[in-house]
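Raw contents of structure_14.txt, compact mmCIF, C-alpha atoms:
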```
# COMPACT_ATOMS: atom_id res chain seq x y z
CA VAL M 108 163.86 98.03 89.10
CA THR M 109 161.38 99.06 86.40
CA ASP M 110 164.05 98.44 83.78
CA VAL M 111 164.74 94.95 85.11
CA VAL M 112 161.05 94.04 85.23
CA ALA M 113 160.40 95.58 81.80
CA ARG M 114 163.08 93.43 80.19
CA LEU M 115 161.93 90.32 82.02
CA LEU M 116 158.28 90.74 81.07
CA GLY M 117 159.24 91.93 77.60
CA GLU M 118 160.62 88.45 76.95
CA ARG M 119 157.27 86.99 77.98
CA LEU M 120 155.30 89.41 75.81
CA ALA M 121 157.51 88.68 72.82
CA ALA M 122 157.05 84.94 73.23
CA GLU M 123 153.28 85.13 73.70
CA LEU M 124 152.49 87.75 71.05
CA GLY M 125 155.11 86.94 68.45
CA GLN M 126 156.38 90.52 68.39
CA PRO M 127 159.73 92.01 69.41
CA VAL M 128 159.61 94.14 72.57
CA ILE M 129 161.93 97.12 72.92
CA VAL M 130 162.57 98.66 76.33
CA ASP M 131 163.16 102.41 76.05
CA ASN M 132 163.99 104.16 79.34
CA LYS M 133 162.66 107.72 79.53
CA ALA M 134 163.81 109.02 82.91
CA GLY M 135 162.95 112.34 84.47
CA ALA M 136 160.18 114.43 86.05
CA GLY M 137 159.06 111.59 88.29
CA GLY M 138 157.76 109.58 85.35
CA VAL M 139 155.92 112.45 83.64
CA ILE M 140 158.18 112.42 80.55
CA ALA M 141 157.63 108.73 79.84
CA THR M 142 153.93 108.87 80.68
CA ASP M 143 153.32 111.81 78.34
CA ILE M 144 154.93 109.92 75.45
CA VAL M 145 152.65 106.93 75.96
CA ALA M 146 149.53 109.03 76.58
CA LYS M 147 150.01 110.65 73.15
CA ALA M 148 150.99 107.44 71.32
CA PRO M 149 148.67 105.60 68.89
CA ALA M 150 146.19 103.48 70.86
CA ASP M 151 147.06 100.26 69.03
CA GLY M 152 148.69 98.34 71.89
CA TYR M 153 152.22 98.73 70.52
CA THR M 154 153.33 101.54 72.83
CA LEU M 155 153.00 100.77 76.54
CA LEU M 156 154.26 102.23 79.79
CA LEU M 157 155.78 100.41 82.74
CA THR M 158 155.81 102.76 85.71
CA THR M 159 155.43 103.13 89.48
CA PRO M 160 153.00 104.65 92.03
CA ASN M 161 154.02 108.01 90.60
CA HIS M 162 151.28 107.20 88.10
CA THR M 163 148.80 108.20 90.83
CA ILE M 164 151.07 110.48 92.88
CA ASN M 165 151.76 112.86 89.99
CA ALA M 166 148.07 113.59 89.50
CA ALA M 167 147.81 114.65 93.14
CA PHE M 168 151.17 116.38 93.42
CA ARG M 169 151.36 118.48 90.28
CA THR M 170 149.07 121.41 89.51
CA SER M 171 149.38 120.73 85.79
CA LEU M 172 150.34 117.72 83.69
CA PRO M 173 150.69 117.45 79.90
CA TYR M 174 148.15 114.59 80.06
CA ASP M 175 145.16 113.54 82.15
CA THR M 176 145.95 110.39 84.14
CA GLU M 177 142.36 109.18 84.16
CA LYS M 178 141.22 110.32 80.70
CA ASP M 179 144.35 109.59 78.66
CA LEU M 180 145.59 106.25 80.04
CA ARG M 181 144.10 102.77 80.52
CA PRO M 182 145.17 100.44 83.35
CA ILE M 183 146.40 97.08 82.07
CA ALA M 184 147.97 95.23 85.02
CA ILE M 185 150.04 95.51 88.14
CA VAL M 186 153.08 93.41 87.36
CA GLY M 187 154.67 93.41 90.81
CA GLN M 188 154.43 95.02 94.23
CA VAL M 189 157.68 96.45 95.49
CA PRO M 190 158.37 97.20 99.16
CA MET M 191 160.31 100.43 99.64
CA LEU M 192 163.13 101.15 102.08
CA LEU M 193 164.49 104.07 104.07
CA VAL M 194 168.28 103.73 103.93
CA SER M 195 170.98 105.77 105.70
CA HIS M 196 174.69 106.11 105.11
CA PRO M 197 176.63 104.05 107.69
CA SER M 198 178.38 107.20 108.96
CA LEU M 199 175.11 108.13 110.69
CA PRO M 200 175.04 106.65 114.23
CA VAL M 201 171.55 105.20 113.72
CA THR M 202 170.05 101.74 113.29
CA THR M 203 166.36 102.40 113.99
CA PHE M 204 163.76 104.89 112.83
CA LYS M 205 163.64 106.62 116.23
CA GLU M 206 167.40 107.06 116.22
CA PHE M 207 167.20 108.46 112.68
CA VAL M 208 164.57 111.03 113.71
CA ASP M 209 166.53 112.00 116.83
CA TYR M 210 169.68 112.44 114.75
CA ALA M 211 167.87 114.55 112.15
CA ARG M 212 166.60 116.89 114.88
CA THR M 213 170.11 118.06 115.69
CA ASN M 214 172.05 117.40 112.47
CA ARG M 215 171.83 118.38 108.83
CA VAL M 216 170.33 115.51 106.82
CA SER M 217 169.75 115.26 103.08
CA LEU M 218 167.59 112.47 101.65
CA GLY M 219 167.76 111.51 98.01
CA THR M 220 164.70 111.03 95.81
CA TYR M 221 164.26 109.92 92.21
CA GLY M 222 162.46 113.08 91.21
CA ALA M 223 160.40 115.93 92.64
CA GLY M 224 156.98 114.54 93.54
CA SER M 225 158.22 110.94 93.73
CA TYR M 226 157.32 108.72 96.67
CA PRO M 227 160.71 109.29 98.38
CA HIS M 228 160.05 113.03 98.15
CA VAL M 229 156.73 112.50 99.93
CA VAL M 230 158.51 110.50 102.65
CA ALA M 231 161.05 113.29 103.22
CA GLU M 232 158.36 115.98 103.45
CA ALA M 233 156.20 113.81 105.71
CA LEU M 234 159.14 113.33 108.07
CA ASN M 235 159.58 117.11 108.20
CA ARG M 236 155.92 117.82 108.86
CA ILE M 237 155.23 115.09 111.41
CA TYR M 238 158.46 115.26 113.40
CA GLY M 239 159.39 118.92 112.98
CA LEU M 240 162.56 118.15 111.04
CA SER M 241 164.43 120.11 108.36
CA ILE M 242 165.44 117.30 106.03
CA GLN M 243 166.48 118.49 102.58
CA ALA M 244 165.16 116.44 99.66
CA VAL M 245 167.72 116.11 96.86
CA HIS M 246 166.30 115.05 93.51
CA TYR M 247 168.00 112.77 90.96
CA ARG M 248 167.10 111.40 87.54
CA GLY M 249 166.40 107.89 88.73
CA GLU M 250 167.30 105.58 91.59
CA ALA M 251 170.75 104.52 90.39
CA PRO M 252 172.42 107.95 90.69
CA MET M 253 170.62 108.55 93.98
CA TRP M 254 172.01 105.40 95.58
CA GLN M 255 175.49 106.19 94.25
CA GLU M 256 175.35 109.48 96.15
CA VAL M 257 174.16 107.72 99.31
CA ALA M 258 177.01 105.21 99.04
CA SER M 259 179.57 107.98 98.63
CA GLY M 260 178.23 109.88 101.65
CA ALA M 261 177.35 112.94 99.54
CA ILE M 262 173.84 112.67 101.00
CA GLN M 263 172.89 111.03 104.27
CA GLY M 264 170.20 108.68 103.00
CA GLY M 265 167.52 107.86 100.50
CA SER M 266 164.28 106.00 99.99
CA GLY M 267 163.57 103.55 97.20
CA SER M 268 163.38 99.93 96.12
CA TYR M 269 165.28 96.94 97.43
CA ALA M 270 166.34 96.03 93.89
CA ALA M 271 168.20 99.29 93.36
CA SER M 272 169.52 99.68 96.91
CA SER M 273 170.63 96.08 97.48
CA PRO M 274 174.22 96.59 96.16
CA ILE M 275 174.98 99.27 98.76
CA LEU M 276 173.19 97.30 101.48
CA GLN M 277 175.30 94.26 100.68
CA ASN M 278 178.63 96.07 100.52
CA GLY M 279 177.98 98.03 103.71
CA SER M 280 177.77 101.51 102.19
CA GLY M 281 174.09 101.74 103.11
CA ARG M 282 172.00 100.67 106.11
CA ALA M 283 168.28 99.80 105.95
CA ILE M 284 166.36 101.66 108.67
CA ALA M 285 162.67 100.98 107.99
CA VAL M 286 160.18 99.60 105.48
CA PRO M 287 157.25 101.93 104.67
CA SER M 288 154.51 99.32 104.44
CA MET M 289 152.40 97.27 106.81
CA VAL M 290 154.46 94.10 106.37
CA ARG M 291 158.17 93.33 106.53
CA MET M 292 160.15 92.46 103.43
CA LYS M 293 160.91 88.80 102.79
CA LYS M 294 164.44 89.77 101.78
CA LEU M 295 165.05 91.84 104.93
CA PRO M 296 162.99 90.18 107.67
CA ASP M 297 165.01 91.85 110.45
CA VAL M 298 164.18 95.38 109.26
CA ALA M 299 161.06 96.59 111.07
CA THR M 300 158.35 98.58 109.30
CA PHE M 301 157.71 102.25 110.02
CA TYR M 302 154.45 101.19 111.67
CA GLU M 303 156.19 98.75 114.00
CA GLN M 304 158.56 101.55 114.97
CA GLY M 305 155.75 103.94 115.88
CA ALA M 306 155.34 105.86 112.60
CA THR M 307 151.65 105.33 111.90
CA ASP M 308 150.99 108.09 109.32
CA LYS M 309 149.63 106.90 105.96
CA ALA M 310 152.70 108.27 104.24
CA PHE M 311 154.66 105.40 105.76
CA GLN M 312 152.21 102.61 104.98
CA VAL M 313 152.25 102.51 101.18
CA ARG M 314 153.71 99.64 99.19
CA GLY M 315 155.30 100.44 95.89
CA TRP M 316 154.13 98.70 92.75
CA ILE M 317 155.09 98.45 89.10
CA CYS M 318 152.24 98.77 86.66
CA MET M 319 151.53 98.66 82.94
CA VAL M 320 149.27 101.20 81.26
CA GLY M 321 148.54 102.22 77.70
CA PRO M 322 146.78 104.96 75.73
CA ILE M 323 143.11 105.38 76.62
CA GLY M 324 141.77 104.40 73.21
CA MET M 325 143.14 100.86 73.26
CA PRO M 326 140.40 98.34 72.37
CA ASP M 327 139.10 96.14 75.18
CA HIS M 328 140.30 92.90 73.61
CA ILE M 329 143.88 94.20 73.37
CA VAL M 330 143.87 95.44 76.97
CA GLN M 331 142.47 92.11 78.16
CA LYS M 332 145.05 90.14 76.16
CA LEU M 333 147.94 92.16 77.57
CA SER M 334 146.52 91.87 81.10
CA ASP M 335 146.20 88.09 80.74
CA VAL M 336 149.77 87.73 79.44
CA MET M 337 151.14 89.80 82.33
CA VAL M 338 149.24 87.86 84.99
CA GLU M 339 150.04 84.43 83.57
CA GLY M 340 153.65 85.39 82.95
CA GLY M 341 154.00 86.47 86.56
CA LYS M 342 153.04 82.96 87.66
CA THR M 343 155.86 81.18 85.85
CA GLU M 344 158.58 79.73 88.05
CA ARG M 345 161.37 81.57 86.23
CA ILE M 346 159.78 84.99 86.53
CA GLN M 347 158.74 84.42 90.15
CA LYS M 348 162.30 83.43 91.03
CA ILE M 349 163.79 86.52 89.38
CA LEU M 350 161.22 88.88 90.91
CA ASP M 351 161.97 87.41 94.32
CA THR M 352 165.66 88.12 93.78
CA PHE M 353 164.80 91.80 93.42
CA GLY M 354 162.58 91.89 96.50
CA ILE M 355 159.30 91.99 94.58
CA ASP M 356 157.13 90.09 97.04
CA GLU M 357 153.82 89.88 95.17
CA GLY M 358 153.24 89.07 91.53
CA ALA M 359 151.01 90.39 88.78
CA ARG M 360 147.35 91.31 89.22
CA ASP M 361 144.83 91.95 86.44
CA ARG M 362 143.40 95.20 85.12
CA VAL M 363 140.29 95.02 87.32
CA TYR M 364 142.41 94.83 90.47
CA PHE M 365 144.71 97.56 89.16
CA LYS M 366 141.79 99.91 88.48
CA LYS M 367 140.59 99.33 92.04
CA VAL M 368 144.04 100.23 93.40
CA ILE M 369 144.05 103.48 91.40
CA ASP M 370 140.55 104.39 92.60
CA GLU M 371 141.48 103.70 96.23
CA GLU M 372 144.96 105.25 96.32
CA GLY M 373 144.21 108.41 94.35
CA PRO M 374 142.20 110.10 97.15
CA VAL M 375 144.81 109.02 99.73
CA TRP M 376 147.58 110.75 97.78
CA ILE M 377 145.49 113.89 97.26
CA ASP M 378 144.80 114.15 101.00
CA LEU M 379 148.43 113.42 101.83
CA ILE M 380 149.83 115.99 99.40
CA LYS M 381 147.39 118.65 100.63
CA GLY M 382 148.39 117.90 104.21
CA LEU M 383 152.05 118.35 103.28
CA ASN M 384 151.20 121.66 101.62
```
Hey, can you dump this file as structure tokens for me?
Amino acid sequence: VTDVVARLLGERLAAELGQPVIVDNKAGAGGVIATDIVAKAPADGYTLLLTTPNHTINAAFRTSLPYDTEKDLRPIAIVGQVPMLLVSHPSLPVTTFKEFVDYARTNRVSLGTYGAGSYPHVVAEALNRIYGLSIQAVHYRGEAPMWQEVASGAIQGGSGSYAASSPILQNGSGRAIAVPSMVRMKKLPDVATFYEQGATDKAFQVRGWICMVGPIGMPDHIVQKLSDVMVEGGKTERIQKILDTFGIDEGARDRVYFKKVIDEEGPVWIDLIKGLN
């Protein structure tokens, strides 16, 4: 989903700034590889990062990073908020969260993630801690290979975005069980949230988002310009229509809002990770 959004917004940036925009996917380590490249790039506004809540999760989850999330990177904008899904392979005799937990108590279950320390990894470990399960988290280099393994039945489920999981949901090789946020997805209104199904822990109440950051030394006027372009671009009918197609329910928000999100979510992740040991 980050690739799709990057290319979509790259078109907008190119049109507004008169510069070509190249999307360069750097998968691996839950976003650390890509983030480190941008953190060490020249602070001229020409090297930017489009990433996910792992931007805040990694700082809480990892004992050491090759960069400092707060000191080396500047928030620019949230470009979209992405509801996440818990999805099971259809071979599992479950359609609800309770049935999934009951099944996992007496059967071997592996859940895919898109990297150690990623949000799906947190979900798997939270399920183990809260419900006394023994779910095995299996890590992949990105969502696409993870969902391929779910579809094949090599693993019993996964957690991730609607955009990446929608092909297997549509062809019947995956079944949506729950949405880990406080509101249902517009694209899947019949799929209840974790909270509605009795899972009230904070681990199951976090919405995913896609954000843009840059090197810390970027001048204020460049950061503001990029923030403005992202927010205004997110309001265009074409971009809103495409984002809706990929289940991105809420559009771009400016750098002030983004900084507030980071300040509020950081402590939540730290407490959550400590609780999961």
Worksheet item: If we count all atoms listed in the file, what is near M:His162 at a cut-off of 9 Å, once residues fewer than 2 positions away on the same chain are taken out, given as a list in words?
Response: Gly137, Gly138, Val139, Thr142, Thr158, Thr159, Pro160, Ile164, Asn165, Ala166, Thr176, Cys318 and Ile369 of chain M
Store the residues of this selection in a file with C-alpha atoms, as a tab-separated table (two decimals), in the coordinates of the input.
```
chain	number	residue	atom	x	y	z
M	137	GLY	CA	159.06	111.59	88.29
M	138	GLY	CA	157.76	109.58	85.35
M	139	VAL	CA	155.92	112.45	83.64
M	142	THR	CA	153.93	108.87	80.68
M	158	THR	CA	155.81	102.76	85.71
M	159	THR	CA	155.43	103.13	89.48
M	160	PRO	CA	153.00	104.65	92.03
M	164	ILE	CA	151.07	110.48	92.88
M	165	ASN	CA	151.76	112.86	89.99
M	166	ALA	CA	148.07	113.59	89.50
M	176	THR	CA	145.95	110.39	84.14
M	318	CYS	CA	152.24	98.77	86.66
M	369	ILE	CA	144.05	103.48	91.40
```
Worksheet item: Which neighbours of M:Thr352 fall inside 12 Å, counting only C-alpha atoms, when residues of the same chain fewer than 6 positions from it are skipped, and could you give them as a ChimeraX atom specification?
Response: /M:108,111-112,189,269-271,273,292-295,345-346
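Nearest residue to M:Val286 among M:Phe353, M:Trp316, M:Phe204, M:Phe365 is M:Phe204, counting all atoms listed in the file.
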Discussion item. Would you compute the distance between atom CA of M:Pro287 and atom CA of M:Ser198? Give it in Å to one decimal.
Written reply: 22.2 Å
Worksheet item: How many Å lie between atom CA of M:Tyr174 and atom CA of M:Ser288, rounded to one decimal?
Response: 29.5 Å
Worksheet entry | Close residues, stretch 226-239 of chain M itself excluded, 9 Å, all atoms listed in the file, min 3 positions apart in chain, as a ChimeraX atom specification | /M:160-161,164,191,193,208,212,217-223,242-246,265-267,287,308,310-311,315,379-380,382-383
Keeping C-alpha atoms, export the residues of the selection given above as a compact mmCIF listing (two decimals), keeping the file's coordinate frame.
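Dumped everything to again-v5.txt:
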```
# COMPACT_ATOMS: atom_id res chain seq x y z
CA PRO M 160 153.00 104.65 92.03
CA ASN M 161 154.02 108.01 90.60
CA ILE M 164 151.07 110.48 92.88
CA MET M 191 160.31 100.43 99.64
CA LEU M 193 164.49 104.07 104.07
CA VAL M 208 164.57 111.03 113.71
CA ARG M 212 166.60 116.89 114.88
CA SER M 217 169.75 115.26 103.08
CA LEU M 218 167.59 112.47 101.65
CA GLY M 219 167.76 111.51 98.01
CA THR M 220 164.70 111.03 95.81
CA TYR M 221 164.26 109.92 92.21
CA GLY M 222 162.46 113.08 91.21
CA ALA M 223 160.40 115.93 92.64
CA ILE M 242 165.44 117.30 106.03
CA GLN M 243 166.48 118.49 102.58
CA ALA M 244 165.16 116.44 99.66
CA VAL M 245 167.72 116.11 96.86
CA HIS M 246 166.30 115.05 93.51
CA GLY M 265 167.52 107.86 100.50
CA SER M 266 164.28 106.00 99.99
CA GLY M 267 163.57 103.55 97.20
CA PRO M 287 157.25 101.93 104.67
CA ASP M 308 150.99 108.09 109.32
CA ALA M 310 152.70 108.27 104.24
CA PHE M 311 154.66 105.40 105.76
CA GLY M 315 155.30 100.44 95.89
CA LEU M 379 148.43 113.42 101.83
CA ILE M 380 149.83 115.99 99.40
CA GLY M 382 148.39 117.90 104.21
CA LEU M 383 152.05 118.35 103.28
```
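Only residues having an atom at most 6 Å from (172.7, 116.9, 104.3) are included; using all atoms listed in the file, these are Arg215, Val216, Ser217, Ile262 and Gln263 of chain M.
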Fill in: Option closest in space to M:Gln347, from M:Val186, M:Ala136, M:Ala141, M:Ala146 [counting only C-alpha atoms]
M:Val186
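For the pair atom CA of M:Val130 and atom CA of M:Ser334, the separation is 18.1 Å.
With all atoms listed in the file as the atoms that count, the minimum distance from M:Arg291 to the choices M:Ser272, M:Gly354, M:Leu116, M:Asp361 is reached by M:Gly354.
The residue that comes closest to M:Lys147, out of M:Val368, M:Pro127, M:Leu333, M:Ile323 and on the basis of only C-alpha atoms, is M:Ile323.
Shortest separation to M:Ile183 among M:Lys381, M:Leu156, M:Leu124, M:Ala306 occurs at residue M:Leu156, atoms counted being all atoms listed in the file.
Remark: for M:Glu177, the closest of the candidate residues M:Gly340, M:Arg119, M:Ser280, M:Gly324 is M:Gly324 (distances computed over all atoms listed in the file).
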Give me the stretch 249-367 of chain M side of the contact with stretch 371-376 of chain M, cut-off 9 Å, one line per residue showing its nearest atom pair and distance in Å at one decimal, counting only C-alpha atoms, sorted by chain and residue number, as a Markdown table.
```
| residue | atom | partner | partner_atom | distance |
| --- | --- | --- | --- | --- |
| M:Lys309 | CA | M:Val375 | CA | 8.2 |
| M:Ala310 | CA | M:Trp376 | CA | 8.6 |
| M:Lys366 | CA | M:Glu371 | CA | 8.6 |
| M:Lys367 | CA | M:Glu371 | CA | 6.1 |
```
At a cut-off of 10 Å, using all atoms listed in the file, what residues contact M:Asp335? Leave out same-chain residues fewer than 3 positions from it and give the result as an mmCIF file with C-alpha atoms, in the coordinates of the input.
```
data_model
loop_
_atom_site.group_PDB
_atom_site.id
_atom_site.type_symbol
_atom_site.label_atom_id
_atom_site.label_comp_id
_atom_site.auth_asym_id
_atom_site.auth_seq_id
_atom_site.Cartn_x
_atom_site.Cartn_y
_atom_site.Cartn_z
ATOM 1 C CA ILE M 183 146.400 97.080 82.070
ATOM 2 C CA ALA M 184 147.970 95.230 85.020
ATOM 3 C CA ILE M 329 143.880 94.200 73.370
ATOM 4 C CA VAL M 330 143.870 95.440 76.970
ATOM 5 C CA GLN M 331 142.470 92.110 78.160
ATOM 6 C CA LYS M 332 145.050 90.140 76.160
ATOM 7 C CA VAL M 338 149.240 87.860 84.990
ATOM 8 C CA GLU M 339 150.040 84.430 83.570
ATOM 9 C CA GLY M 340 153.650 85.390 82.950
ATOM 10 C CA GLY M 341 154.000 86.470 86.560
ATOM 11 C CA ALA M 359 151.010 90.390 88.780
ATOM 12 C CA ARG M 360 147.350 91.310 89.220
ATOM 13 C CA ASP M 361 144.830 91.950 86.440
ATOM 14 C CA ARG M 362 143.400 95.200 85.120
#
```
Export all heavy atoms of stretch 134-144 of chain M from the structure just given, as a PDB file, in the first residue's frame?
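For reference, part-v4.pdb as written:
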```
ATOM      1  N   ALA M 134      12.690  -2.403   1.154  1.00  0.00           N
ATOM      2  CA  ALA M 134      12.000  -3.254   2.120  1.00  0.00           C
ATOM      3  C   ALA M 134      12.979  -3.832   3.127  1.00  0.00           C
ATOM      4  O   ALA M 134      14.182  -3.873   2.896  1.00  0.00           O
ATOM      5  CB  ALA M 134      11.283  -4.386   1.396  1.00  0.00           C
ATOM      6  N   GLY M 135      12.424  -4.281   4.262  1.00  0.00           N
ATOM      7  CA  GLY M 135      13.218  -5.008   5.230  1.00  0.00           C
ATOM      8  C   GLY M 135      13.361  -4.321   6.565  1.00  0.00           C
ATOM      9  O   GLY M 135      13.285  -3.094   6.671  1.00  0.00           O
ATOM     10  N   ALA M 136      13.510  -5.152   7.608  1.00  0.00           N
ATOM     11  CA  ALA M 136      13.743  -4.697   8.989  1.00  0.00           C
ATOM     12  C   ALA M 136      12.634  -3.791   9.499  1.00  0.00           C
ATOM     13  O   ALA M 136      12.872  -2.888  10.293  1.00  0.00           O
ATOM     14  CB  ALA M 136      15.096  -3.999   9.099  1.00  0.00           C
ATOM     15  N   GLY M 137      11.408  -4.050   9.052  1.00  0.00           N
ATOM     16  CA  GLY M 137      10.275  -3.274   9.554  1.00  0.00           C
ATOM     17  C   GLY M 137      10.371  -1.796   9.251  1.00  0.00           C
ATOM     18  O   GLY M 137       9.862  -0.955  10.005  1.00  0.00           O
ATOM     19  N   GLY M 138      11.029  -1.442   8.148  1.00  0.00           N
ATOM     20  CA  GLY M 138      11.151  -0.040   7.770  1.00  0.00           C
ATOM     21  C   GLY M 138      12.453   0.607   8.187  1.00  0.00           C
ATOM     22  O   GLY M 138      12.742   1.740   7.784  1.00  0.00           O
ATOM     23  N   VAL M 139      13.265  -0.087   8.970  1.00  0.00           N
ATOM     24  CA  VAL M 139      14.508   0.501   9.478  1.00  0.00           C
ATOM     25  C   VAL M 139      15.485   0.802   8.345  1.00  0.00           C
ATOM     26  O   VAL M 139      16.153   1.842   8.332  1.00  0.00           O
ATOM     27  CB  VAL M 139      15.171  -0.425  10.524  1.00  0.00           C
ATOM     28  CG1 VAL M 139      16.559   0.088  10.898  1.00  0.00           C
ATOM     29  CG2 VAL M 139      14.301  -0.507  11.765  1.00  0.00           C
ATOM     30  N   ILE M 140      15.580  -0.098   7.361  1.00  0.00           N
ATOM     31  CA  ILE M 140      16.529   0.095   6.257  1.00  0.00           C
ATOM     32  C   ILE M 140      16.217   1.379   5.495  1.00  0.00           C
ATOM     33  O   ILE M 140      17.099   2.214   5.266  1.00  0.00           O
ATOM     34  CB  ILE M 140      16.498  -1.121   5.312  1.00  0.00           C
ATOM     35  CG1 ILE M 140      17.061  -2.359   6.025  1.00  0.00           C
ATOM     36  CG2 ILE M 140      17.298  -0.831   4.033  1.00  0.00           C
ATOM     37  CD1 ILE M 140      16.924  -3.641   5.233  1.00  0.00           C
ATOM     38  N   ALA M 141      14.970   1.552   5.114  1.00  0.00           N
ATOM     39  CA  ALA M 141      14.576   2.753   4.366  1.00  0.00           C
ATOM     40  C   ALA M 141      14.730   4.008   5.214  1.00  0.00           C
ATOM     41  O   ALA M 141      15.198   5.051   4.732  1.00  0.00           O
ATOM     42  CB  ALA M 141      13.132   2.609   3.894  1.00  0.00           C
ATOM     43  N   THR M 142      14.329   3.922   6.482  1.00  0.00           N
ATOM     44  CA  THR M 142      14.391   5.084   7.359  1.00  0.00           C
ATOM     45  C   THR M 142      15.828   5.543   7.569  1.00  0.00           C
ATOM     46  O   THR M 142      16.128   6.746   7.581  1.00  0.00           O
ATOM     47  CB  THR M 142      13.741   4.771   8.717  1.00  0.00           C
ATOM     48  OG1 THR M 142      12.408   4.293   8.501  1.00  0.00           O
ATOM     49  CG2 THR M 142      13.675   6.018   9.596  1.00  0.00           C
ATOM     50  N   ASP M 143      16.743   4.596   7.721  1.00  0.00           N
ATOM     51  CA  ASP M 143      18.148   4.934   7.941  1.00  0.00           C
ATOM     52  C   ASP M 143      18.726   5.672   6.737  1.00  0.00           C
ATOM     53  O   ASP M 143      19.496   6.626   6.886  1.00  0.00           O
ATOM     54  CB  ASP M 143      18.936   3.653   8.211  1.00  0.00           C
ATOM     55  CG  ASP M 143      20.378   3.931   8.605  1.00  0.00           C
ATOM     56  OD1 ASP M 143      20.599   4.851   9.420  1.00  0.00           O
ATOM     57  OD2 ASP M 143      21.276   3.224   8.124  1.00  0.00           O
ATOM     58  N   ILE M 144      18.327   5.252   5.529  1.00  0.00           N
ATOM     59  CA  ILE M 144      18.813   5.918   4.318  1.00  0.00           C
ATOM     60  C   ILE M 144      18.380   7.377   4.302  1.00  0.00           C
ATOM     61  O   ILE M 144      19.176   8.280   4.006  1.00  0.00           O
ATOM     62  CB  ILE M 144      18.286   5.187   3.068  1.00  0.00           C
ATOM     63  CG1 ILE M 144      18.950   3.812   2.942  1.00  0.00           C
ATOM     64  CG2 ILE M 144      18.520   6.015   1.805  1.00  0.00           C
ATOM     65  CD1 ILE M 144      18.346   2.937   1.871  1.00  0.00           C
TER      66      ILE M 144
END
```
